[in-house]
2 protein chains.
Amino acid sequence: MTPEQVDATFAALAHPVRRRVLDLLSGRPGMIVGAVASHFDISRIAVMKHLATLEDAELVLSEKVGRERRLYMNPMPIQQIYDRWTNQLSGFWASRMADIKESVERRSEEKKHA
Amino acid sequence: MTPEQVDATFAALAHPVRRRVLDLLSGRPGMIVGAVASHFDISRIAVMKHLATLEDAELVLSEKVGRERRLYMNPMPIQQIYDRWTNQLSGFWASRMADIKESVERRSEEKKHA
DNA sequence: TTCATTGGTAACCCGATGGTTACCTTTTCT
DNA sequence: AGAAAAGGTAACCATCGGGTTACCAATGAA
């Protein structure tokens, strides 16, 4: 996965509408553009732009059937990114972090009451 | 985790500089602001703004010690988000998706050569 | 063949974001 | 006390992102 692809994926996930689109498509694969758009208060064109960035990031795949476009979510980029991150950040996860957070909060409390 | 927190987390992760900051802090917990800034070509103030959004998203915790600020990465928001998503999107992961992607690509190839 | 449906493009607008420089405050070192 | 070091604030600027309306193209149904 190239850095550009990583970038595109994170950027695509940054918008709540796009995340909801992924939710919709994961629940009902093969939805067409208009059906997706009908779930939002914004214009169809706005939704289409979101779909475009999702497709750029390969988080959504589509096939054209007649005059309509069927949309499918592709979870693999998320999977890949998560794998890389968890490896890269390992030795760090969970338990050790809880200690640090607690210690920071404790000290900040001490200062408040000082 | 409130929707706002989810939003803040994804938005914070959307910028490559901020992701690199997290990498740095995970590798060397307790770095101070200037040390982090020295790893980038942009100004210290720009880096501080990135740190601010990371702290808003609680992806970075900090404690002030004398005139310096020690910075720590907090992986828990990422962990939580990933857990929710994998549950929400389950029934979908990996194998089933590979089939769909292949089928889409095959049909698109057929069209090209038609 | 019309005409409705579905999707796509173009041009535009505004607010958010990411960057800058200039200046100020606090802490530490001599 | 005074200077250097570390961090923070303010004001500003350019680009980008997310939205809009208006219009066009292709497909399918009557």
# chains A, B, ... in the order shown; residues from 1 in each chain; ligands from 1

call {"tool": "interface_residues", "arguments": {"of": "chain D", "to": "chain A", "cutoff": "7 Å", "atoms": "only C-alpha atoms (C1' of nucleotides)", "output": "list in words"}}
result
DG19, DA26 and DT27 of chain D

call {"tool": "write_last_selection", "arguments": {"atoms": "C-alpha atoms (C1' of nucleotides)", "output": "mmCIF file, in the first residue's frame"}}
result
data_model
loop_
_atom_site.group_PDB
_atom_site.id
_atom_site.type_symbol
_atom_site.label_atom_id
_atom_site.label_comp_id
_atom_site.auth_asym_id
_atom_site.auth_seq_id
_atom_site.Cartn_x
_atom_site.Cartn_y
_atom_site.Cartn_z
ATOM 1 C "C1'" DG D 19 -22.038 22.270 -0.445
ATOM 2 C "C1'" DA D 26 -27.900 7.824 -21.571
ATOM 3 C "C1'" DT D 27 -31.037 4.302 -20.570
#

call {"tool": "closest_atom_pairs", "arguments": {"of": "chain B", "to": "chain A", "cutoff": "6 Å", "atoms": "only C-alpha atoms", "output": "CSV"}}
result
residue,atom,partner,partner_atom,distance
B:Phe10,CA,A:Ala14,CA,4.9
B:Ala11,CA,A:Ala14,CA,4.9
B:Ala14,CA,A:Ala11,CA,4.9

call {"tool": "residues_around", "arguments": {"residues": "C:DC14", "least_positions_apart": "3", "cutoff": "12 Å", "atoms": "only C-alpha atoms (C1' of nucleotides)", "output": "ChimeraX atom specification"}}
result
/D:16-20

call {"tool": "residues_around", "arguments": {"residues": "C:DT30", "least_positions_apart": "3", "cutoff": "12 Å", "atoms": "only C-alpha atoms (C1' of nucleotides)", "output": "ChimeraX atom specification"}}
result
/D:1-4

call {"tool": "write_last_selection", "arguments": {"atoms": "all heavy atoms", "output": "PDB file, in the first residue's frame"}}
result
ATOM      1  P    DA D   1      16.845  41.429  40.025  1.00  0.00           P
ATOM      2  OP1  DA D   1      15.648  41.772  40.612  1.00  0.00           O
ATOM      3  OP2  DA D   1      16.722  40.535  38.934  1.00  0.00           O
ATOM      4  O5'  DA D   1      17.717  42.684  39.617  1.00  0.00           O
ATOM      5  C5'  DA D   1      19.140  42.558  39.876  1.00  0.00           C
ATOM      6  C4'  DA D   1      19.902  42.396  38.574  1.00  0.00           C
ATOM      7  O4'  DA D   1      20.386  41.026  38.484  1.00  0.00           O
ATOM      8  C3'  DA D   1      19.116  42.643  37.297  1.00  0.00           C
ATOM      9  O3'  DA D   1      20.004  43.234  36.349  1.00  0.00           O
ATOM     10  C2'  DA D   1      18.700  41.242  36.851  1.00  0.00           C
ATOM     11  C1'  DA D   1      19.888  40.415  37.308  1.00  0.00           C
ATOM     12  N9   DA D   1      19.570  39.025  37.684  1.00  0.00           N
ATOM     13  C8   DA D   1      18.565  38.596  38.501  1.00  0.00           C
ATOM     14  N7   DA D   1      18.536  37.295  38.691  1.00  0.00           N
ATOM     15  C5   DA D   1      19.609  36.843  37.928  1.00  0.00           C
ATOM     16  C6   DA D   1      20.131  35.563  37.703  1.00  0.00           C
ATOM     17  N6   DA D   1      19.615  34.454  38.255  1.00  0.00           N
ATOM     18  N1   DA D   1      21.204  35.468  36.897  1.00  0.00           N
ATOM     19  C2   DA D   1      21.722  36.576  36.359  1.00  0.00           C
ATOM     20  N3   DA D   1      21.322  37.846  36.502  1.00  0.00           N
ATOM     21  C4   DA D   1      20.248  37.902  37.299  1.00  0.00           C
ATOM     22  P    DG D   2      19.527  43.933  35.032  1.00  0.00           P
ATOM     23  OP1  DG D   2      20.386  45.100  34.812  1.00  0.00           O
ATOM     24  OP2  DG D   2      18.059  44.062  35.115  1.00  0.00           O
ATOM     25  O5'  DG D   2      19.899  42.868  33.918  1.00  0.00           O
ATOM     26  C5'  DG D   2      21.226  42.340  33.894  1.00  0.00           C
ATOM     27  C4'  DG D   2      21.332  41.206  32.899  1.00  0.00           C
ATOM     28  O4'  DG D   2      20.911  39.970  33.514  1.00  0.00           O
ATOM     29  C3'  DG D   2      20.453  41.379  31.663  1.00  0.00           C
ATOM     30  O3'  DG D   2      21.223  40.953  30.542  1.00  0.00           O
ATOM     31  C2'  DG D   2      19.277  40.451  31.916  1.00  0.00           C
ATOM     32  C1'  DG D   2      19.961  39.338  32.663  1.00  0.00           C
ATOM     33  N9   DG D   2      19.105  38.532  33.534  1.00  0.00           N
ATOM     34  C8   DG D   2      18.025  38.957  34.281  1.00  0.00           C
ATOM     35  N7   DG D   2      17.462  37.991  34.959  1.00  0.00           N
ATOM     36  C5   DG D   2      18.221  36.866  34.644  1.00  0.00           C
ATOM     37  C6   DG D   2      18.089  35.525  35.068  1.00  0.00           C
ATOM     38  O6   DG D   2      17.266  35.046  35.861  1.00  0.00           O
ATOM     39  N1   DG D   2      19.064  34.713  34.499  1.00  0.00           N
ATOM     40  C2   DG D   2      20.022  35.131  33.624  1.00  0.00           C
ATOM     41  N2   DG D   2      20.861  34.214  33.178  1.00  0.00           N
ATOM     42  N3   DG D   2      20.163  36.382  33.217  1.00  0.00           N
ATOM     43  C4   DG D   2      19.227  37.187  33.761  1.00  0.00           C
ATOM     44  P    DA D   3      20.823  41.174  29.017  1.00  0.00           P
ATOM     45  OP1  DA D   3      21.878  42.007  28.395  1.00  0.00           O
ATOM     46  OP2  DA D   3      19.403  41.581  28.976  1.00  0.00           O
ATOM     47  O5'  DA D   3      20.989  39.711  28.415  1.00  0.00           O
ATOM     48  C5'  DA D   3      22.193  38.996  28.701  1.00  0.00           C
ATOM     49  C4'  DA D   3      22.018  37.548  28.301  1.00  0.00           C
ATOM     50  O4'  DA D   3      21.188  36.874  29.271  1.00  0.00           O
ATOM     51  C3'  DA D   3      21.338  37.340  26.950  1.00  0.00           C
ATOM     52  O3'  DA D   3      21.931  36.218  26.335  1.00  0.00           O
ATOM     53  C2'  DA D   3      19.890  37.105  27.327  1.00  0.00           C
ATOM     54  C1'  DA D   3      20.060  36.317  28.621  1.00  0.00           C
ATOM     55  N9   DA D   3      18.953  36.399  29.557  1.00  0.00           N
ATOM     56  C8   DA D   3      18.201  37.509  29.854  1.00  0.00           C
ATOM     57  N7   DA D   3      17.268  37.286  30.753  1.00  0.00           N
ATOM     58  C5   DA D   3      17.433  35.936  31.079  1.00  0.00           C
ATOM     59  C6   DA D   3      16.757  35.087  31.971  1.00  0.00           C
ATOM     60  N6   DA D   3      15.743  35.476  32.740  1.00  0.00           N
ATOM     61  N1   DA D   3      17.170  33.803  32.034  1.00  0.00           N
ATOM     62  C2   DA D   3      18.196  33.410  31.258  1.00  0.00           C
ATOM     63  N3   DA D   3      18.910  34.121  30.378  1.00  0.00           N
ATOM     64  C4   DA D   3      18.470  35.387  30.339  1.00  0.00           C
ATOM     65  P    DA D   4      21.677  35.813  24.832  1.00  0.00           P
ATOM     66  OP1  DA D   4      22.995  35.736  24.172  1.00  0.00           O
ATOM     67  OP2  DA D   4      20.605  36.684  24.305  1.00  0.00           O
ATOM     68  O5'  DA D   4      21.130  34.325  24.953  1.00  0.00           O
ATOM     69  C5'  DA D   4      21.872  33.405  25.751  1.00  0.00           C
ATOM     70  C4'  DA D   4      21.045  32.168  25.983  1.00  0.00           C
ATOM     71  O4'  DA D   4      19.990  32.464  26.928  1.00  0.00           O
ATOM     72  C3'  DA D   4      20.352  31.635  24.730  1.00  0.00           C
ATOM     73  O3'  DA D   4      20.445  30.227  24.792  1.00  0.00           O
ATOM     74  C2'  DA D   4      18.915  32.140  24.866  1.00  0.00           C
ATOM     75  C1'  DA D   4      18.736  32.086  26.376  1.00  0.00           C
ATOM     76  N9   DA D   4      17.749  33.000  26.941  1.00  0.00           N
ATOM     77  C8   DA D   4      17.537  34.319  26.619  1.00  0.00           C
ATOM     78  N7   DA D   4      16.584  34.898  27.322  1.00  0.00           N
ATOM     79  C5   DA D   4      16.147  33.889  28.175  1.00  0.00           C
ATOM     80  C6   DA D   4      15.153  33.858  29.166  1.00  0.00           C
ATOM     81  N6   DA D   4      14.388  34.913  29.481  1.00  0.00           N
ATOM     82  N1   DA D   4      14.963  32.687  29.822  1.00  0.00           N
ATOM     83  C2   DA D   4      15.732  31.639  29.498  1.00  0.00           C
ATOM     84  N3   DA D   4      16.706  31.552  28.580  1.00  0.00           N
ATOM     85  C4   DA D   4      16.849  32.722  27.953  1.00  0.00           C
TER      86       DA D   4
END

call {"tool": "closest_atom_pairs", "arguments": {"of": "chain C", "to": "chain A", "cutoff": "9 Å", "atoms": "only C-alpha atoms (C1' of nucleotides)", "output": "CSV"}}
result
residue,atom,partner,partner_atom,distance
C:DT5,C1',A:Arg67,CA,8.9
C:DT6,C1',A:Arg67,CA,6.1
C:DG7,C1',A:Glu68,CA,7.0
C:DG8,C1',A:Ile45,CA,8.9

call {"tool": "atom_distance", "arguments": {"atom1": "atom CA of B:Ala35", "atom2": "atom C1' of D:DG8"}}
result
16.0 Å

call {"tool": "select_by_dssp", "arguments": {"residues": "stretch 39-93 of chain A", "states": "strand (DSSP E)", "output": "list in words"}}
result
Val60, Leu61, Ser62, Glu63, Lys64, Val65, Glu68, Arg69, Arg70, Leu71, Tyr72 and Met73 of chain A

call {"tool": "write_last_selection", "arguments": {"atoms": "C-alpha atoms", "output": "JSON list (two decimals), in the first residue's frame"}}
result
[["chain", "number", "residue", "atom", "x", "y", "z"],
["A", 60, "VAL", "CA", -16.07, 1.59, -2.53],
["A", 61, "LEU", "CA", -16.18, -0.41, -5.75],
["A", 62, "SER", "CA", -18.85, 0.02, -8.37],
["A", 63, "GLU", "CA", -20.19, -1.61, -11.49],
["A", 64, "LYS", "CA", -22.46, 0.02, -14.01],
["A", 65, "VAL", "CA", -25.56, -1.92, -14.93],
["A", 68, "GLU", "CA", -27.65, 2.57, -12.80],
["A", 69, "ARG", "CA", -24.47, 2.07, -10.78],
["A", 70, "ARG", "CA", -24.25, -0.65, -8.17],
["A", 71, "LEU", "CA", -22.06, 0.19, -5.20],
["A", 72, "TYR", "CA", -20.09, -2.13, -2.92],
["A", 73, "MET", "CA", -18.04, -1.45, 0.14]]

call {"tool": "atom_distance", "arguments": {"atom1": "atom CA of A:Ile81", "atom2": "atom CA of A:Thr2"}}
result
10.9 Å

call {"tool": "atom_distance", "arguments": {"atom1": "atom C1' of D:DT9", "atom2": "atom CA of B:Asp56"}}
result
17.8 Å

call {"tool": "residues_around", "arguments": {"residues": "D:DA30", "least_positions_apart": "5", "cutoff": "10 Å", "atoms": "only C-alpha atoms (C1' of nucleotides)", "output": "PyMOL selection string"}}
result
chain C and resi 2-4
